[in-house]
Structures are given as C-alpha cells and as structure tokens.
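Below is one structure, written out as structure tokens, with a few remarks after it.
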Amino acid sequence: MPKGSAVIRLNDTTLRDGEQAPGVAFSPREKEALARALAELGVDEIEAGTAAMGGDEAEGIQRVLGLGLPVPVSVWCRAREADLQAARDLGARRVGVCVPCSDLMIGTKLGWRRETLLRRVGDLGRLARRLGLEFVVGLEDASRADLAFLLEVCRAAERAGAVRVRLADTVGVLAPWAVQALVAAATAAVNLPVEFHGHNDLGMATANALAAATAGAQWLSVTVLGLGERAGNAALEEVAVALWRCLGAPTGVRLDRLTRAASLVARVANRPIPPAKPVVGSDAFRHESGIHVDGLLKTPALYEPFPPALVGRRHEIVLGKHSGRRAWDWFRRAAG
C-alpha cells in the first residue's frame, strides 16, 4: 500500500505518448485545448510533446507552454544535447530525457556500451543545469534491463541532479508482482521519487500502475483512454478511480470530470470510446439482466463498483432478452 495517505501523482502523457497511437495527430490548437482540459482535471504534470520534431509539434508545445497553466509542463527528449537545447528554445523548464537501459536497446538501437550510457547521463545532467532545466530521467525498457545495471543508471541520474526517475515497461511485458519488485528495488537504491510508465500489451497496465503504487512509486504515467502505441498505456480514468477505490490513495484528479475529458480526447483523436470501456464507456453503468436490475432497484451498490455520479455518470436500465419483470414494471411506471 502507498505509505500513509501519500498522494499519488499522475503524469499525463496524452499529448506525447498518446499521440503516438496510429493515426492520431493533434493540431497545435487541439494540443492547447487538451492541455487546458488536463489542467482543469487536476493532473500533476503534462508531457506536451517532442521538441526535436519541429514544425506543428514545436508550435503545439509552445502553445501549451505559453498557457501559463497551474501545472508543470514537460517536454520529451532523446538522450541528445540538441534535444535539450531544442526544448529550452521552445521555453521549456522541465524535460523528460529518454535513456534506453536494456542491453538490447543500448547496443542495437544506440550502438553504445553501458559505460557510454552512464557517461551520457552525467553529461546531459550538466547540460540541463546549464540550460536551467529540471530533468526527469526516463529509463526506457527498464522491464528488460539487467537489474544491477538499471539501478546503476538510477544512481547516475541522482548524481546528475534528476528530479525523479521513470521506470518504463516499454513493451508491456511485466506482471504486477514483477512491477512491485522492480519499483521496490529502485526506491531502495535512490533518494528520488520513482515514476512507473506502463504499457497495456498484455492488458495489465492499470493493474501494474496500482502495483507500482503499492511498492512505493510516487508518480504514475497515464493517458486519457489509455491512448498510445500498440495496445496503449495505463488509462488515466481507470488508474485514478482504481487508486481511490482499491487503495484509498488520493490523487489531485477531479473524478467527476473524467467523462468529459475522455469525450474530448475521443473526439479530437477520432477514436470512439468502446462501449465496455471501464469508467467512461457507455455500457459501464448500463443494466439489462433481470437479476442485476432487480438488485439495482433495491440498492445500486449490489451491482455497481462505485456510484456513477463519482465520475459524472448515472446508471441506466435497458430492456432486452435478459430483462425480468422488475425492469418491465419499472419502465411502465416511468412511462406513466
């Protein structure tokens, strides 16, 4: 369980990792509107995009940075000096630096050795300080990295002045108990806040986010609707409600605005919300089965995990093959 009543902070990356979903592209004005909605929702940080892309992406980042939102805005960077400079040129004050940590990525993707990566973390830390940037070190593919080396990178990030480290399950292969072990090892190794960034390739992103929180992660990466590459990311609406319902862990998110935010992202991304999507799907509080409707009419708690009003919803009774007499009677009375 999270220690005491510690608040779990949510870093929303809908505008960066979410936009990497196939076919999704936010215009600069859309990024601006989404950032406003996320700030109103109460997330603790907004990752605005990738500065090195230039063009519309750079304009969108500038628009978000220029809003003066009451929440930190970060810009994603590769482990390159030019990326940090590009982010600073756009007006960023905080950056997330992606540092691949598995031998597969270090050797194949970057063509580096482990020693090279450790030196690069220190070099980038010095550059970030010179540019006046706060920086988060994102440990890409942490889930497939050698644990001893991963912890060495965490310690290098701490020495370099990082404000936190992010453990990324980049291809979504961890089970919740493995997440707990990984996060526990990282929190024991450094005196920095630890963030967990999960992907949903095996359908465990939300469960993994909660597992990370129980092991000491103070930050969780999320996207609205779980939008993201392949099978997506941990869904903001699921994680925020599950933290409240399952762990009693507070966040700054205004749960009653989740449905509105999800609808906005779905419209802008041109991604319809699946009817059975937890929390925000049209069927999430819709009842047809006779047994369930009978229970609902006695007391909603019998067949609902939490009050729909908590997330700006209300339950609905529909007629169908499985409807019972109580449902038909209820409809007749409702019709007058």
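By convention in this document, the chains of the structure tokens carry letters A, B, ... by their order, each chain's residues are numbered from 1, and ligands are numbered from 1 in the order they are shown.
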Requested in this report: Skip A:Pro70 itself and residues of its chain fewer than 5 positions away, then list as a ChimeraX atom specification all residues within 10 Å of it, counting only C-alpha atoms.
Outcome: /A:36,39-40,42,44-45
Just C-alpha atoms for this one: save the residues we selected as a CSV table (one decimal), in the first residue's frame.
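out_15.csv written:
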chain,number,residue,atom,x,y,z
A,36,ARG,CA,-6.4,23.2,-20.6
A,39,ALA,CA,-5.0,21.0,-16.1
A,40,GLU,CA,-8.7,21.5,-15.1
A,42,GLY,CA,-6.1,18.1,-11.9
A,44,ASP,CA,0.1,16.8,-11.7
A,45,GLU,CA,2.2,17.1,-14.9
Can you list every residue of stretch 59-151 of chain A that has an atom at most 9 Å from stretch 179-190 of chain A, with its nearest atom pair and the distance in Å to one decimal, using only C-alpha atoms, ordered by chain then number, as CSV?
residue,atom,partner,partner_atom,distance
A:Ala142,CA,A:Leu182,CA,8.7
A:Ser143,CA,A:Leu182,CA,7.9
A:Leu147,CA,A:Leu182,CA,8.0
A:Leu150,CA,A:Ala186,CA,8.4
A:Leu151,CA,A:Ala186,CA,6.3
For the residues in the current selection, export C-alpha atoms as a CSV table (one decimal), in the first residue's frame.
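Writing the result to result28.csv gives the following:
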chain,number,residue,atom,x,y,z
A,142,ALA,CA,13.6,-0.9,-17.7
A,143,SER,CA,11.5,-4.1,-17.6
A,147,LEU,CA,18.6,-5.1,-12.7
A,150,LEU,CA,19.4,-0.4,-14.1
A,151,LEU,CA,20.0,0.6,-10.5
Requested in this report: Rank A:Cys77, A:Val224, A:Ile61, A:Ala207 by their smallest atom-to-atom distance to A:Ala178, using only C-alpha atoms, and report the top residue only.
Outcome: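 For A:Ala178, the nearest of the given residues is A:Ala207.
Between A:Val71 and the candidates A:Arg333, A:Arg94, A:Arg325, A:Arg113, the tightest atom-to-atom separation, counting only C-alpha atoms, involves A:Arg94.
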Requested in this report: Just the helix (DSSP H, G or I) stuff from stretch 45-150 of chain A, please, per backbone DSSP, written as an MDAnalysis selection string.
Outcome: chainID A and resid 51:53 55:65 81:89 103:110 114:131 142:144 147:150
